[in-house]
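**Q** Have a look at the structure that comes next, please.
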Amino acid sequence: MRICDRHGCDQPGNCPAPKSPNSPDRWYFCEAHAAEYNRGWDYFQGLSAEEAAAREASERRTSAGYAQSKHQAWAGPGDGTRSRDEMRALDALGLEPDAEFDLIRATWRGLAKANHPDIRPNDPEAATKFQQVQAAYEVLRAAEERRSWKPE
Ligand SMILES: [Zn+2]
C-alpha cells in the first residue's frame, strides 16, 4: 500500500496531487495532507513567466469587464439598464425604452392634463388612465433621481 508522501505521515496516500501545473509527476497524500497541500497550492508555481503573465492578464480583463458593467449602471437613460418597473412605466406613457427624461416629463404632463378628473369628470376610464400615468411618472422620476446621483 502507498503511504502519504508528507514527511513523517504514515497514513495511506490515496490522493494524487500534481507536483507542478502541467507536470505528470504526482505526490500521493492522505486526505488530510492533500487538503493541506491544495490550500497552499501556488496557482502560478511552475508556469513560465509568460504563461503566468497571460493568465494574470486574462483574469484582470475579467474583473475590469465587471467593473465596467457596474459603471454603466450610472450612465443614464437609453443604455439598457432600465428596470422592469421602468419599462412598464414607459409602456404606460406610450414611450420607447430610450426616451429621455425631458420627453417623459412632457408626455406625463400631457397625459395627466388630458385625463385629469377636473377635465374628464365622471369618466372612469380617464380616472384609471390618470392614476396609471401618475404612478408611471413616479417610478420614472424616482429612477431618474437615483441615476443623476453621481458617486464621488
Ligand atoms: Zn498524510
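By order of appearance in the C-alpha cells: chains A, B, ..., then residues from 1 within every chain, and ligands from 1 in the order shown.
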Could you give me, as JSON lines, a per-residue list for chain A showing, wherever an atom lies at most 8 Å from an atom of ligand 1, the closest pair of atoms and their distance in Å to one decimal, using only C-alpha atoms and all ligand atoms and sorting by chain then residue number from low to high?
**A**
{"residue": "A:Ile3", "atom": "CA", "partner": "ligand 1", "partner_atom_place_in_ligand_line": "1 (Zn)", "distance": 7.8}
{"residue": "A:Cys4", "atom": "CA", "partner": "ligand 1", "partner_atom_place_in_ligand_line": "1 (Zn)", "distance": 4.6}
{"residue": "A:Asp5", "atom": "CA", "partner": "ligand 1", "partner_atom_place_in_ligand_line": "1 (Zn)", "distance": 6.7}
{"residue": "A:Arg6", "atom": "CA", "partner": "ligand 1", "partner_atom_place_in_ligand_line": "1 (Zn)", "distance": 5.3}
{"residue": "A:His7", "atom": "CA", "partner": "ligand 1", "partner_atom_place_in_ligand_line": "1 (Zn)", "distance": 7.9}
{"residue": "A:Gly8", "atom": "CA", "partner": "ligand 1", "partner_atom_place_in_ligand_line": "1 (Zn)", "distance": 7.9}
{"residue": "A:Cys9", "atom": "CA", "partner": "ligand 1", "partner_atom_place_in_ligand_line": "1 (Zn)", "distance": 4.7}
{"residue": "A:Asp10", "atom": "CA", "partner": "ligand 1", "partner_atom_place_in_ligand_line": "1 (Zn)", "distance": 6.5}
{"residue": "A:Gln11", "atom": "CA", "partner": "ligand 1", "partner_atom_place_in_ligand_line": "1 (Zn)", "distance": 5.4}
{"residue": "A:Pro12", "atom": "CA", "partner": "ligand 1", "partner_atom_place_in_ligand_line": "1 (Zn)", "distance": 7.3}
{"residue": "A:Gly13", "atom": "CA", "partner": "ligand 1", "partner_atom_place_in_ligand_line": "1 (Zn)", "distance": 6.7}
{"residue": "A:Phe29", "atom": "CA", "partner": "ligand 1", "partner_atom_place_in_ligand_line": "1 (Zn)", "distance": 5.3}
{"residue": "A:Cys30", "atom": "CA", "partner": "ligand 1", "partner_atom_place_in_ligand_line": "1 (Zn)", "distance": 4.2}
{"residue": "A:Glu31", "atom": "CA", "partner": "ligand 1", "partner_atom_place_in_ligand_line": "1 (Zn)", "distance": 6.9}
{"residue": "A:Ala32", "atom": "CA", "partner": "ligand 1", "partner_atom_place_in_ligand_line": "1 (Zn)", "distance": 6.1}
{"residue": "A:His33", "atom": "CA", "partner": "ligand 1", "partner_atom_place_in_ligand_line": "1 (Zn)", "distance": 4.6}
{"residue": "A:Ala34", "atom": "CA", "partner": "ligand 1", "partner_atom_place_in_ligand_line": "1 (Zn)", "distance": 7.4}
**Q** Near segment 82-86 of chain A, within 8 Å and counting only C-alpha atoms, which residues show up once chain neighbours fewer than 5 positions away are dropped, as a list of chain:residue names?
**A**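 The residues that qualify are A:Pro77, A:Pro97, A:Ala136, A:Val139, A:Leu140, A:Ala143.
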**Q** When you draw a straight line from atom CA of Tyr37 of chain A to atom CA of Ala17 of chain A, how long is it in Å?
**A**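 Distance between the two atoms: 8.1 Å.
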**Q** For Leu111 of chain A, which residue out of A:Ala99, A:Ala127, A:Cys15, A:Leu93 is the nearest one, using only C-alpha atoms?
**A** A:Leu93
**Q** Of the candidates A:Glu144, A:Arg120, A:Ala54, A:Met1, which one gets nearest to Glu100 of chain A if we count only C-alpha atoms?
**A**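 The shortest atom-to-atom distance to Glu100 of chain A comes from A:Glu144.
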**Q** Between atom CA of Gln134 of chain A and atom CA of Glu96 of chain A, what distance in Å does the model show, to one decimal?
**A**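 Computed distance, atom CA of Gln134 of chain A to atom CA of Glu96 of chain A, equals 17.6 Å.
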**Q** Counting only C-alpha atoms, which of A:Tyr137, A:Ala112, A:Ala35, A:Ser148 gets nearest to Leu95 of chain A?
**A**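 Under the stated criterion, the closest residue is A:Tyr137.
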**Q** In terms of the shortest atom-to-atom distance over only C-alpha atoms, which of A:Arg146, A:Gly110, A:Thr81, A:Asp25 is closest to Asp98 of chain A?
**A** A:Thr81
**Q** Using only C-alpha atoms, find the one residue out of A:Ala142, A:Met87, A:Ala92, A:Ala126 that sits nearest to Trp108 of chain A.
**A**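 Closest to Trp108 of chain A, using only C-alpha atoms: A:Ala92.
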